[in-house]
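K.L.:
Just one file: start_39.cif, with mmCIF, C-alpha atoms and all ligand atoms.
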```
data_my_file
loop_
_atom_site.label_atom_id
_atom_site.label_comp_id
_atom_site.auth_asym_id
_atom_site.auth_seq_id
_atom_site.Cartn_x
_atom_site.Cartn_y
_atom_site.Cartn_z
CA MET P 1 -11.84 3.59 17.21
CA LYS P 2 -10.00 6.15 19.27
CA ILE P 3 -6.31 6.41 18.54
CA LYS P 4 -4.09 8.95 20.24
CA TYR P 5 -1.64 10.57 17.87
CA ILE P 6 1.77 11.85 18.82
CA ASP P 7 0.82 15.48 18.25
CA GLU P 8 -2.02 15.18 20.77
CA VAL P 9 -0.04 13.85 23.72
CA GLU P 10 3.11 14.76 25.60
CA ILE P 11 5.78 12.15 25.09
CA HIS P 12 8.89 13.47 26.78
CA ASP P 13 12.32 11.92 27.15
CA LYS P 14 11.18 8.42 26.29
CA LYS P 15 12.69 5.52 24.42
CA ILE P 16 10.39 5.13 21.46
CA LEU P 17 10.00 2.10 19.26
CA LEU P 18 8.81 3.52 15.95
CA ARG P 19 7.32 1.15 13.38
CA VAL P 20 7.87 2.53 9.89
CA ASP P 21 7.44 1.07 6.43
CA TYR P 22 10.83 1.23 4.72
CA ASN P 23 9.96 -1.64 2.42
CA VAL P 24 11.98 -0.32 -0.52
CA THR P 25 13.60 -2.17 -3.39
CA ILE P 26 17.36 -2.71 -3.12
CA LEU P 27 19.06 -2.23 -6.49
CA PRO P 28 22.03 -4.34 -7.64
CA ASP P 29 24.47 -1.59 -6.54
CA SER P 30 23.04 -1.81 -2.97
CA LYS P 31 21.30 1.53 -3.31
CA ILE P 32 17.59 1.91 -2.72
CA ASP P 33 15.17 2.56 -5.59
CA SER P 34 13.47 5.55 -3.96
CA ASN P 35 13.69 7.35 -0.63
CA GLU P 36 10.07 8.49 -0.76
CA ARG P 37 8.98 6.13 2.02
CA LEU P 38 11.77 7.43 4.24
CA LYS P 39 10.98 11.06 3.55
CA ARG P 40 7.36 10.60 4.48
CA THR P 41 8.31 9.56 8.03
CA ILE P 42 10.59 12.53 8.70
CA PRO P 43 7.88 14.75 10.27
CA THR P 44 7.14 12.04 12.85
CA ILE P 45 10.83 11.50 13.56
CA GLU P 46 11.41 15.23 13.98
CA LEU P 47 8.46 15.71 16.29
CA LEU P 48 9.54 12.84 18.53
CA LEU P 49 13.15 14.07 18.60
CA LYS P 50 12.02 17.57 19.54
CA ASN P 51 10.61 16.17 22.77
CA GLY P 52 13.83 14.46 23.72
CA GLY P 53 12.88 11.04 22.43
CA LYS P 54 15.43 8.33 21.75
CA LEU P 55 14.24 6.61 18.62
CA ILE P 56 14.49 2.97 17.68
CA LEU P 57 13.14 2.46 14.18
CA MET P 58 11.93 -0.89 12.90
CA SER P 59 10.66 -2.03 9.51
CA HIS P 60 10.32 -5.03 7.26
CA LEU P 61 11.79 -5.27 3.75
CA GLY P 62 10.60 -7.69 1.08
CA ARG P 63 9.82 -11.31 1.68
CA PRO P 64 13.10 -12.88 2.81
CA GLN P 65 13.39 -16.57 3.66
CA GLY P 66 15.32 -16.24 6.90
CA LYS P 67 18.32 -13.93 7.27
CA ASP P 68 19.10 -13.17 3.63
CA PRO P 69 21.60 -10.27 3.25
CA LYS P 70 19.89 -9.26 -0.01
CA PHE P 71 17.03 -8.02 2.16
CA SER P 72 19.11 -6.15 4.71
CA LEU P 73 17.96 -2.68 5.77
CA LYS P 74 21.57 -1.49 5.84
CA PRO P 75 21.28 0.51 2.58
CA VAL P 76 18.20 2.15 4.11
CA ALA P 77 20.25 3.20 7.15
CA GLU P 78 22.74 4.87 4.81
CA GLU P 79 20.01 6.77 3.01
CA LEU P 80 18.37 7.77 6.28
CA GLN P 81 21.69 9.20 7.42
CA LYS P 82 21.65 11.50 4.38
CA LEU P 83 18.14 12.68 5.22
CA LEU P 84 18.95 13.30 8.89
CA PRO P 85 22.48 14.73 8.86
CA SER P 86 22.38 16.08 12.41
CA GLN P 87 21.60 12.67 13.89
CA LYS P 88 23.82 9.64 13.96
CA ILE P 89 22.08 6.60 12.48
CA ILE P 90 23.17 3.38 14.14
CA PHE P 91 22.28 0.15 12.40
CA VAL P 92 21.71 -2.78 14.75
CA GLU P 93 21.98 -6.22 13.16
CA ASP P 94 20.34 -8.11 16.01
CA PHE P 95 18.69 -6.18 18.82
CA ASN P 96 18.46 -9.38 20.78
CA SER P 97 22.21 -10.08 20.85
CA ASP P 98 24.52 -8.92 23.67
CA GLU P 99 26.10 -6.40 21.32
CA GLY P 100 22.73 -5.07 20.25
CA GLN P 101 21.52 -4.74 23.82
CA VAL P 102 24.62 -2.74 24.75
CA ILE P 103 24.09 -0.30 21.88
CA LEU P 104 20.46 0.15 22.85
CA LYS P 105 21.31 0.66 26.52
CA ASP P 106 23.97 3.28 25.76
CA GLN P 107 21.96 5.10 23.09
CA LYS P 108 22.38 8.88 23.18
CA GLU P 109 19.84 11.50 22.27
CA SER P 110 21.71 12.39 19.11
CA GLU P 111 21.51 8.80 17.92
CA ILE P 112 18.75 7.01 16.02
CA VAL P 113 18.81 3.25 15.94
CA LEU P 114 17.50 1.33 12.94
CA LEU P 115 16.92 -2.37 13.58
CA GLU P 116 17.63 -4.98 10.92
CA ASN P 117 14.71 -6.30 8.81
CA LEU P 118 12.02 -7.57 11.19
CA ARG P 119 11.28 -10.44 8.83
CA PHE P 120 14.71 -11.91 9.56
CA TYR P 121 12.90 -13.13 12.67
CA GLU P 122 10.38 -15.82 11.83
CA GLU P 123 8.22 -14.73 14.74
CA GLU P 124 7.43 -11.37 13.14
CA LYS P 125 4.77 -12.79 10.84
CA ASN P 126 3.05 -14.94 13.49
CA ASN P 127 2.20 -12.24 16.01
CA ASP P 128 4.33 -14.10 18.54
CA PHE P 129 3.88 -13.05 22.16
CA GLU P 130 7.46 -13.78 23.23
CA PHE P 131 8.82 -11.79 20.29
CA ALA P 132 6.46 -8.93 21.10
CA LYS P 133 7.79 -8.97 24.67
CA LYS P 134 11.39 -8.80 23.45
CA LEU P 135 10.64 -5.88 21.14
CA SER P 136 8.57 -3.93 23.61
CA GLY P 137 11.25 -4.57 26.24
CA ILE P 138 13.70 -2.24 24.50
CA ALA P 139 11.46 0.86 24.68
CA ASP P 140 9.01 2.81 26.86
CA VAL P 141 6.44 3.60 24.21
CA TYR P 142 5.47 2.43 20.74
CA VAL P 143 4.52 4.56 17.75
CA ASN P 144 3.05 3.20 14.54
CA ASP P 145 3.72 5.28 11.43
CA ALA P 146 3.27 2.39 9.02
CA PHE P 147 -0.32 2.61 7.79
CA SER P 148 0.62 0.60 4.71
CA ILE P 149 1.33 -2.57 6.70
CA SER P 150 -1.33 -2.08 9.38
CA HIS P 151 -3.66 -4.57 7.69
CA ARG P 152 -1.31 -7.37 8.74
CA ASN P 153 -1.49 -9.30 11.99
CA HIS P 154 2.26 -9.10 12.45
CA THR P 155 4.04 -8.85 15.79
CA SER P 156 5.41 -5.35 15.25
CA ILE P 157 1.96 -4.13 14.21
CA VAL P 158 -0.50 -5.81 16.57
CA GLY P 159 1.61 -7.53 19.25
CA VAL P 160 3.91 -4.80 20.53
CA PRO P 161 1.21 -2.10 20.97
CA LYS P 162 -0.64 -4.37 23.42
CA LEU P 163 2.33 -4.29 25.77
CA ILE P 164 3.42 -0.66 26.06
CA PRO P 165 1.65 2.71 25.65
CA SER P 166 1.03 3.20 21.94
CA TYR P 167 0.38 6.09 19.62
CA GLY P 168 -0.16 6.83 15.97
CA GLY P 169 2.45 8.78 14.00
CA LEU P 170 1.76 11.75 11.75
CA LEU P 171 1.86 9.84 8.46
CA LEU P 172 -0.54 7.23 9.79
CA LYS P 173 -2.79 9.97 11.11
CA ASN P 174 -2.86 11.69 7.75
CA GLU P 175 -3.75 8.47 5.93
CA VAL P 176 -6.48 7.49 8.40
CA GLN P 177 -8.09 10.91 8.52
CA THR P 178 -7.88 11.80 4.83
CA ILE P 179 -9.12 8.46 3.55
CA SER P 180 -11.96 8.36 6.13
CA GLU P 181 -13.05 11.84 5.26
CA ILE P 182 -13.19 11.14 1.53
CA VAL P 183 -14.93 7.77 1.57
CA LYS P 184 -17.21 8.07 4.59
CA ASN P 185 -19.79 10.26 2.88
CA PRO P 186 -18.45 10.33 -0.65
CA ASN P 187 -19.66 13.09 -2.90
CA LYS P 188 -21.43 11.58 -5.86
CA PRO P 189 -20.75 10.44 -8.49
CA TYR P 190 -18.32 8.10 -6.72
CA VAL P 191 -16.15 6.32 -9.27
CA VAL P 192 -13.72 3.53 -8.37
CA ILE P 193 -11.08 2.38 -10.82
CA MET P 194 -9.89 -1.11 -10.12
CA GLY P 195 -7.15 -2.85 -12.05
CA GLY P 196 -4.09 -4.88 -11.23
CA ALA P 197 -3.35 -8.53 -11.17
CA LYS P 198 -5.88 -10.37 -9.08
CA ILE P 199 -9.56 -10.00 -8.33
CA SER P 200 -9.20 -12.28 -5.29
CA THR P 201 -7.34 -9.64 -3.28
CA LYS P 202 -9.92 -6.98 -4.11
CA ILE P 203 -13.27 -8.74 -4.31
CA ASP P 204 -14.21 -8.10 -0.66
CA LEU P 205 -13.91 -4.38 -1.22
CA LEU P 206 -15.72 -4.59 -4.56
CA GLU P 207 -18.65 -6.28 -2.81
CA LYS P 208 -18.63 -3.66 -0.11
CA LEU P 209 -18.77 -0.92 -2.74
CA MET P 210 -22.00 -2.23 -4.20
CA GLY P 211 -24.66 0.36 -3.45
CA LYS P 212 -22.02 2.89 -2.43
CA ALA P 213 -20.07 3.59 -5.59
CA ASP P 214 -21.82 4.65 -8.76
CA ALA P 215 -19.39 2.97 -11.12
CA ILE P 216 -16.44 0.61 -10.93
CA LEU P 217 -14.19 0.86 -13.97
CA THR P 218 -12.25 -2.36 -14.43
CA GLY P 219 -8.95 -3.24 -16.02
CA GLY P 220 -6.08 -5.71 -15.73
CA GLY P 221 -6.57 -9.24 -14.46
CA ILE P 222 -9.77 -8.13 -12.72
CA ALA P 223 -11.44 -7.18 -15.98
CA ASN P 224 -10.18 -10.40 -17.59
CA THR P 225 -11.72 -12.52 -14.85
CA ILE P 226 -15.07 -10.76 -15.14
CA LEU P 227 -15.05 -10.90 -18.96
CA LYS P 228 -14.36 -14.63 -18.82
CA GLN P 229 -17.14 -15.15 -16.28
CA GLN P 230 -19.47 -13.28 -18.62
CA GLY P 231 -18.67 -15.73 -21.39
CA TYR P 232 -16.09 -13.79 -23.42
CA VAL P 233 -13.02 -15.46 -24.86
CA ILE P 234 -9.93 -14.03 -23.17
CA GLY P 235 -7.38 -16.46 -24.62
CA LYS P 236 -4.26 -16.90 -22.55
CA SER P 237 -4.75 -13.78 -20.45
CA LEU P 238 -4.13 -13.45 -16.75
CA TYR P 239 -7.27 -14.39 -14.86
CA GLU P 240 -8.43 -16.36 -11.83
CA GLU P 241 -10.49 -19.45 -12.54
CA ARG P 242 -11.24 -20.06 -8.89
CA GLU P 243 -12.92 -16.67 -8.52
CA LYS P 244 -15.62 -17.57 -11.05
CA LYS P 245 -18.39 -18.05 -8.54
CA GLU P 246 -17.59 -14.91 -6.51
CA THR P 247 -17.33 -12.91 -9.71
CA GLY P 248 -20.78 -14.09 -10.76
CA GLU P 249 -22.17 -13.09 -7.37
CA LEU P 250 -20.49 -9.72 -7.64
CA MET P 251 -22.16 -9.06 -10.99
CA GLN P 252 -25.51 -10.03 -9.48
CA LEU P 253 -24.96 -7.61 -6.58
CA SER P 254 -24.01 -4.95 -9.06
CA LYS P 255 -27.44 -5.21 -10.72
CA GLU P 256 -29.35 -5.30 -7.45
CA ASN P 257 -27.53 -2.31 -5.98
CA ASN P 258 -27.30 -0.06 -8.97
CA THR P 259 -23.52 0.06 -8.98
CA GLN P 260 -22.33 -0.25 -12.52
CA VAL P 261 -19.36 -2.57 -13.07
CA VAL P 262 -17.90 -1.20 -16.28
CA LEU P 263 -15.98 -3.63 -18.49
CA PRO P 264 -13.63 -2.85 -21.36
CA VAL P 265 -15.28 -2.75 -24.78
CA ASP P 266 -11.91 -3.06 -26.52
CA VAL P 267 -8.52 -4.34 -25.42
CA VAL P 268 -4.91 -4.49 -26.55
CA VAL P 269 -3.73 -8.03 -27.23
CA ALA P 270 -0.37 -9.61 -28.12
CA ASN P 271 1.31 -13.01 -27.98
CA ASP P 272 3.06 -12.31 -24.71
CA VAL P 273 4.00 -9.55 -22.26
CA SER P 274 7.29 -8.73 -23.98
CA ALA P 275 5.72 -8.12 -27.39
CA GLN P 276 6.91 -5.02 -29.27
CA ARG P 277 3.49 -4.26 -30.62
CA GLY P 278 -0.02 -4.91 -29.46
CA GLU P 279 -3.18 -5.08 -31.51
CA VAL P 280 -6.44 -3.37 -30.57
CA LYS P 281 -9.47 -5.68 -30.67
CA LYS P 282 -13.10 -5.43 -29.67
CA VAL P 283 -13.70 -7.67 -26.66
CA ASP P 284 -15.75 -10.11 -28.69
CA ASN P 285 -12.99 -10.58 -31.26
CA VAL P 286 -10.33 -11.91 -28.88
CA LEU P 287 -8.93 -15.27 -29.99
CA GLU P 288 -7.81 -18.30 -27.98
CA ASP P 289 -4.16 -17.50 -28.71
CA ASP P 290 -4.36 -13.84 -27.62
CA VAL P 291 -3.13 -12.37 -24.37
CA VAL P 292 -5.07 -9.31 -23.21
CA LEU P 293 -2.53 -6.79 -21.89
CA ASP P 294 -4.30 -3.44 -21.71
CA ILE P 295 -7.63 -1.70 -22.13
CA GLY P 296 -8.19 -0.27 -25.60
CA PRO P 297 -8.66 3.36 -26.79
CA GLU P 298 -12.46 3.22 -26.95
CA THR P 299 -12.60 1.93 -23.39
CA CYS P 300 -10.22 4.66 -22.40
CA GLU P 301 -12.66 7.28 -23.77
CA ILE P 302 -15.56 5.77 -21.85
CA TYR P 303 -13.54 5.64 -18.61
CA LYS P 304 -12.27 9.17 -19.12
CA GLU P 305 -15.79 10.52 -19.40
CA LYS P 306 -16.89 8.81 -16.19
CA ILE P 307 -13.78 9.96 -14.33
CA LEU P 308 -14.24 13.57 -15.47
CA GLN P 309 -17.81 13.61 -14.14
CA ALA P 310 -16.90 12.11 -10.77
CA ASN P 311 -16.77 13.97 -7.47
CA THR P 312 -15.04 11.15 -5.60
CA ILE P 313 -12.40 8.92 -7.19
CA VAL P 314 -10.55 5.92 -5.80
CA TRP P 315 -7.94 4.22 -7.96
CA ASN P 316 -5.97 1.07 -7.30
CA GLY P 317 -4.31 -1.20 -9.83
CA PRO P 318 -2.83 -0.55 -13.28
CA MET P 319 -5.12 -1.07 -16.28
CA GLY P 320 -2.62 -3.31 -18.02
CA TYR P 321 0.86 -4.78 -18.12
CA PHE P 322 2.34 -1.29 -17.69
CA GLU P 323 5.90 -2.57 -17.21
CA ASN P 324 6.00 -2.79 -21.01
CA PRO P 325 5.35 0.76 -22.36
CA GLU P 326 3.38 -0.72 -25.23
CA PHE P 327 0.73 -1.75 -22.68
CA LYS P 328 0.85 1.31 -20.46
CA ARG P 329 -1.49 3.58 -22.42
CA GLY P 330 -4.62 2.53 -20.54
CA THR P 331 -2.97 3.26 -17.19
CA ASP P 332 -1.73 6.64 -18.45
CA CYS P 333 -5.20 7.43 -19.75
CA VAL P 334 -6.77 6.83 -16.34
CA TYR P 335 -4.11 8.92 -14.64
CA ASP P 336 -4.54 11.81 -17.09
CA ALA P 337 -8.29 11.78 -16.57
CA ILE P 338 -7.93 11.87 -12.78
CA ILE P 339 -5.60 14.86 -12.82
CA SER P 340 -7.79 16.65 -15.39
CA ASN P 341 -10.74 16.41 -13.04
CA GLY P 342 -10.48 19.63 -11.06
CA GLN P 343 -13.38 19.10 -8.65
CA ALA P 344 -13.15 15.55 -7.30
CA ALA P 345 -11.51 14.30 -4.12
CA SER P 346 -9.21 11.52 -5.25
CA ILE P 347 -7.30 8.73 -3.55
CA VAL P 348 -4.68 6.68 -5.36
CA GLY P 349 -2.75 3.81 -3.82
CA GLY P 350 -0.97 0.55 -4.50
CA GLY P 351 2.67 -0.40 -4.95
CA GLN P 352 2.57 -0.94 -8.69
CA THR P 353 0.01 1.78 -9.27
CA LEU P 354 2.39 4.32 -7.77
CA ALA P 355 5.33 2.82 -9.64
CA ALA P 356 3.38 3.24 -12.88
CA ILE P 357 2.80 6.96 -12.28
CA SER P 358 5.85 7.89 -10.19
CA LYS P 359 7.60 9.84 -12.93
CA LYS P 360 4.52 11.89 -13.73
CA ASP P 361 3.96 15.58 -13.33
CA SER P 362 0.89 16.83 -11.51
CA LEU P 363 0.89 14.19 -8.78
CA ASP P 364 -0.10 17.07 -6.50
CA LYS P 365 -3.47 17.21 -8.27
CA ILE P 366 -4.37 13.98 -6.48
CA THR P 367 -5.96 14.65 -3.08
CA HIS P 368 -4.30 11.73 -1.34
CA ILE P 369 -1.60 9.35 -2.46
CA SER P 370 -1.71 6.43 -0.08
CA THR P 371 1.42 4.55 0.91
CA GLY P 372 -0.70 1.43 1.14
CA GLY P 373 -2.26 -0.75 -1.53
CA GLY P 374 -3.68 -3.65 0.43
CA ALA P 375 -3.99 -1.56 3.59
CA MET P 376 -5.81 1.22 1.77
CA LEU P 377 -8.31 -1.20 0.22
CA LYS P 378 -8.91 -2.95 3.55
CA PHE P 379 -9.33 0.36 5.31
CA ILE P 380 -11.88 1.59 2.75
CA GLU P 381 -13.69 -1.73 3.10
CA LYS P 382 -13.75 -1.99 6.91
CA SER P 383 -13.04 1.56 8.18
CA THR P 384 -10.42 0.02 10.45
CA LEU P 385 -7.35 -2.23 10.38
CA PRO P 386 -5.86 -4.68 12.91
CA GLY P 387 -2.92 -2.37 13.54
CA LEU P 388 -5.23 0.58 14.21
CA GLU P 389 -7.36 -1.48 16.58
CA ALA P 390 -4.26 -2.49 18.50
CA LEU P 391 -3.27 1.16 18.83
CA ALA P 392 -6.73 2.21 19.98
CA GLU P 393 -6.70 -0.41 22.73
CA ASN P 394 -3.59 0.92 24.31
CA SER P 395 -3.22 4.59 23.64
CA ASN P 396 -4.69 5.97 26.86
CA SER P 397 -2.05 4.73 29.27
P1 LIG T 401 -0.93 -2.56 -6.91
O1 LIG T 401 0.45 -3.01 -6.51
O2 LIG T 401 -0.95 -1.16 -7.42
O3 LIG T 401 -1.96 -2.81 -5.83
P2 LIG T 401 -1.48 -5.04 -8.23
O4 LIG T 401 -0.43 -5.65 -7.40
O5 LIG T 401 -2.88 -5.47 -7.99
O6 LIG T 401 -1.40 -3.44 -8.16
O7 LIG T 401 -1.23 -5.36 -9.77
C1 LIG T 401 -0.18 -4.84 -10.50
C2 LIG T 401 0.30 -5.82 -11.54
O8 LIG T 401 -0.74 -6.26 -12.37
C3 LIG T 401 1.34 -5.20 -12.44
O9 LIG T 401 2.57 -5.89 -12.28
C4 LIG T 401 0.78 -5.40 -13.83
O10 LIG T 401 1.73 -5.78 -14.80
C5 LIG T 401 -0.20 -6.51 -13.65
N1 LIG T 401 -1.21 -6.50 -14.71
C6 LIG T 401 -2.18 -5.60 -14.89
N2 LIG T 401 -2.91 -5.90 -15.99
C7 LIG T 401 -2.38 -7.02 -16.51
C8 LIG T 401 -2.69 -7.83 -17.65
N3 LIG T 401 -3.69 -7.55 -18.45
N4 LIG T 401 -1.91 -8.92 -17.87
C9 LIG T 401 -0.89 -9.21 -17.05
N5 LIG T 401 -0.56 -8.49 -15.97
C10 LIG T 401 -1.29 -7.41 -15.70
MG MG T 402 1.15 -5.01 -6.13
#
```
Show the structure stored in the file as structure tokens.
P.N.:
Amino acid sequence: MKIKYIDEVEIHDKKILLRVDYNVTILPDSKIDSNERLKRTIPTIELLLKNGGKLILMSHLGRPQGKDPKFSLKPVAEELQKLLPSQKIIFVEDFNSDEGQVILKDQKESEIVLLENLRFYEEEKNNDFEFAKKLSGIADVYVNDAFSISHRNHTSIVGVPKLIPSYGGLLLKNEVQTISEIVKNPNKPYVVIMGGAKISTKIDLLEKLMGKADAILTGGGIANTILKQQGYVIGKSLYEEREKKETGELMQLSKENNTQVVLPVDVVVANDVSAQRGEVKKVDNVLEDDVVLDIGPETCEIYKEKILQANTIVWNGPMGYFENPEFKRGTDCVYDAIISNGQAASIVGGGQTLAAISKKDSLDKITHISTGGGAMLKFIEKSTLPGLEALAENSNS
């Protein structure tokens, strides 16, 4: 896979369609929850501007059903204006309208255009050729700086780069190169921590890790599903019945390949997610009425020890229902162990995983914080992504 990145080519005085991931959360006061995703794209924006580029930024936000103003990127445009005070940010509601076309035609060098939420167009999610033509028609070149959405076969990710010369941005480059470097020939012991809601979204990677990783420490719905498959009572906990067969096969592979799948030995249970207090129980004492909401303290000690000995660490997915502080201890424990390990290369990614640790100190002790959850897992699994393939096909023109 040979992608050309924007710092390796000369892109001068071009109209540039820049795909970013500004998928933030809009708060009730129409402000955005965090400008971290915006900040991370600034180096790419500045480099392209330096060479006289006229930038047209595009992103998705949330999962709107049609044009729903609650999912407008307008608040993002306002925040971007604060981050780039010497540019004028122009928000275009519909690039395809007469008004939009006029703005794009008259765009000055000191202006950056941000297009409205791509998912307001139904065609975005279907990799629609006509839509790709319309988007590519407004620019000379395309740059992808949205690693975190590059696992999707969406028009702005895989369709547009087939039509005009295409390059990778600096953030995308950093993600691709750092993650590849760490997981290609991982220093052993290689420990993967996998939590979160569903095993179904992660089982392909888990299978791929068999024989590669030394240990997979499990938590969340993933651990529940495996515990249940192994015959434990998990009560009313989150788990996936339909993954029973795959989970069984995974455990078989684990034995054959010498990759230990480590399960909690104790858990924190309650009646429901909003409970004020949880109760620690050994995994074989869980009752039919219990809901498992976190890993327990003994499990935490076992995981900590494995994490401290590791030389390569990958973490995705909280260990429990961290949104309630009562069930966040397991997730905190894993985080503390990772940052206490001074020698390992570590990668952490995932929307909720980052939300769970965002207010922490010492984030800089993690080698790489990925903007992508799903994309990061897919990239570790396959060493490529549809959006990267699309870039590689068309970056030499
Ligand atoms: P990420 O976004 O980091 O990839 P996921 O989307 O896979 O992570 O999962 C995060 C969600 O899983 C969180 O909302 C968390 O509350 C939930 N979760 C984790 N463990 C449990 C549990 N034991 N019971 C219910 N929900 C859980
Ligand atoms: Mg998530």
K.L.:
Restrict the calculation to only C-alpha atoms, then for each residue of range 17-97 of chain P with any atom at most 7 Å from an atom of range 124-146 of chain P give the closest atom pair and their distance in Å to one decimal, rows by chain and rising residue number, as CSV.
P.N.:
```
residue,atom,partner,partner_atom,distance
P:Leu17,CA,P:Tyr142,CA,4.8
P:Leu18,CA,P:Val143,CA,4.8
P:Arg19,CA,P:Asn144,CA,4.9
P:Val20,CA,P:Ala146,CA,4.7
P:Asp21,CA,P:Ala146,CA,5.1
```
K.L.:
Save out the residues we just selected, C-alpha atoms, as an mmCIF file, in the coordinates of the input.
P.N.:
```cif
data_model
loop_
_atom_site.group_PDB
_atom_site.id
_atom_site.type_symbol
_atom_site.label_atom_id
_atom_site.label_comp_id
_atom_site.auth_asym_id
_atom_site.auth_seq_id
_atom_site.Cartn_x
_atom_site.Cartn_y
_atom_site.Cartn_z
ATOM 1 C CA LEU P 17 10.000 2.100 19.260
ATOM 2 C CA LEU P 18 8.810 3.520 15.950
ATOM 3 C CA ARG P 19 7.320 1.150 13.380
ATOM 4 C CA VAL P 20 7.870 2.530 9.890
ATOM 5 C CA ASP P 21 7.440 1.070 6.430
#
```
K.L.:
Just the residues within 12 Å of range 352-367 of chain P, please, counting only C-alpha atoms, with nothing from its chain fewer than 4 positions along; format it as a ChimeraX atom specification.
P.N.:
/P:24-25,33-34,36-37,174-175,178-179,181-182,193-197,220,311-325,327-348,371-374
K.L.:
For the residues selected in the previous step, produce a file with C-alpha atoms as a tab-separated table (two decimals), in the coordinates of the input.
P.N.:
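Done, and the output landed in out.tsv:
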```
chain	number	residue	atom	x	y	z
P	24	VAL	CA	11.98	-0.32	-0.52
P	25	THR	CA	13.60	-2.17	-3.39
P	33	ASP	CA	15.17	2.56	-5.59
P	34	SER	CA	13.47	5.55	-3.96
P	36	GLU	CA	10.07	8.49	-0.76
P	37	ARG	CA	8.98	6.13	2.02
P	174	ASN	CA	-2.86	11.69	7.75
P	175	GLU	CA	-3.75	8.47	5.93
P	178	THR	CA	-7.88	11.80	4.83
P	179	ILE	CA	-9.12	8.46	3.55
P	181	GLU	CA	-13.05	11.84	5.26
P	182	ILE	CA	-13.19	11.14	1.53
P	193	ILE	CA	-11.08	2.38	-10.82
P	194	MET	CA	-9.89	-1.11	-10.12
P	195	GLY	CA	-7.15	-2.85	-12.05
P	196	GLY	CA	-4.09	-4.88	-11.23
P	197	ALA	CA	-3.35	-8.53	-11.17
P	220	GLY	CA	-6.08	-5.71	-15.73
P	311	ASN	CA	-16.77	13.97	-7.47
P	312	THR	CA	-15.04	11.15	-5.60
P	313	ILE	CA	-12.40	8.92	-7.19
P	314	VAL	CA	-10.55	5.92	-5.80
P	315	TRP	CA	-7.94	4.22	-7.96
P	316	ASN	CA	-5.97	1.07	-7.30
P	317	GLY	CA	-4.31	-1.20	-9.83
P	318	PRO	CA	-2.83	-0.55	-13.28
P	319	MET	CA	-5.12	-1.07	-16.28
P	320	GLY	CA	-2.62	-3.31	-18.02
P	321	TYR	CA	0.86	-4.78	-18.12
P	322	PHE	CA	2.34	-1.29	-17.69
P	323	GLU	CA	5.90	-2.57	-17.21
P	324	ASN	CA	6.00	-2.79	-21.01
P	325	PRO	CA	5.35	0.76	-22.36
P	327	PHE	CA	0.73	-1.75	-22.68
P	328	LYS	CA	0.85	1.31	-20.46
P	329	ARG	CA	-1.49	3.58	-22.42
P	330	GLY	CA	-4.62	2.53	-20.54
P	331	THR	CA	-2.97	3.26	-17.19
P	332	ASP	CA	-1.73	6.64	-18.45
P	333	CYS	CA	-5.20	7.43	-19.75
P	334	VAL	CA	-6.77	6.83	-16.34
P	335	TYR	CA	-4.11	8.92	-14.64
P	336	ASP	CA	-4.54	11.81	-17.09
P	337	ALA	CA	-8.29	11.78	-16.57
P	338	ILE	CA	-7.93	11.87	-12.78
P	339	ILE	CA	-5.60	14.86	-12.82
P	340	SER	CA	-7.79	16.65	-15.39
P	341	ASN	CA	-10.74	16.41	-13.04
P	342	GLY	CA	-10.48	19.63	-11.06
P	343	GLN	CA	-13.38	19.10	-8.65
P	344	ALA	CA	-13.15	15.55	-7.30
P	345	ALA	CA	-11.51	14.30	-4.12
P	346	SER	CA	-9.21	11.52	-5.25
P	347	ILE	CA	-7.30	8.73	-3.55
P	348	VAL	CA	-4.68	6.68	-5.36
P	371	THR	CA	1.42	4.55	0.91
P	372	GLY	CA	-0.70	1.43	1.14
P	373	GLY	CA	-2.26	-0.75	-1.53
P	374	GLY	CA	-3.68	-3.65	0.43
```
K.L.:
Write out as an mmCIF file with C-alpha atoms, in the frame of the given file each polymer residue whose atoms come within 10 Å of Gln107 in chain P, counting all atoms listed in the file; drop sequence neighbours fewer than 2 positions from it.
P.N.:
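Output contents, as saved in part_23.cif:
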```cif
data_model
loop_
_atom_site.group_PDB
_atom_site.id
_atom_site.type_symbol
_atom_site.label_atom_id
_atom_site.label_comp_id
_atom_site.auth_asym_id
_atom_site.auth_seq_id
_atom_site.Cartn_x
_atom_site.Cartn_y
_atom_site.Cartn_z
ATOM 1 C CA LYS P 15 12.690 5.520 24.420
ATOM 2 C CA LYS P 54 15.430 8.330 21.750
ATOM 3 C CA LEU P 55 14.240 6.610 18.620
ATOM 4 C CA ILE P 56 14.490 2.970 17.680
ATOM 5 C CA ILE P 90 23.170 3.380 14.140
ATOM 6 C CA GLN P 101 21.520 -4.740 23.820
ATOM 7 C CA VAL P 102 24.620 -2.740 24.750
ATOM 8 C CA ILE P 103 24.090 -0.300 21.880
ATOM 9 C CA LEU P 104 20.460 0.150 22.850
ATOM 10 C CA LYS P 105 21.310 0.660 26.520
ATOM 11 C CA GLU P 109 19.840 11.500 22.270
ATOM 12 C CA SER P 110 21.710 12.390 19.110
ATOM 13 C CA GLU P 111 21.510 8.800 17.920
ATOM 14 C CA ILE P 112 18.750 7.010 16.020
ATOM 15 C CA VAL P 113 18.810 3.250 15.940
#
```
K.L.:
Find, counting only C-alpha atoms, the residue in P:Thr384, P:Asn224, P:Asn153, P:Thr247 that gets nearest to Asp266 in chain P.
P.N.:
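Of P:Thr384, P:Asn224, P:Asn153, P:Thr247, the one nearest Asp266 in chain P, counting only C-alpha atoms, is P:Asn224.
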K.L.:
I'd like to know which of P:Thr41, P:Asn394, P:Gln230, P:Ser148 is closest to ligand LIG 401 (chain T), using all atoms listed in the file.
P.N.:
P:Ser148
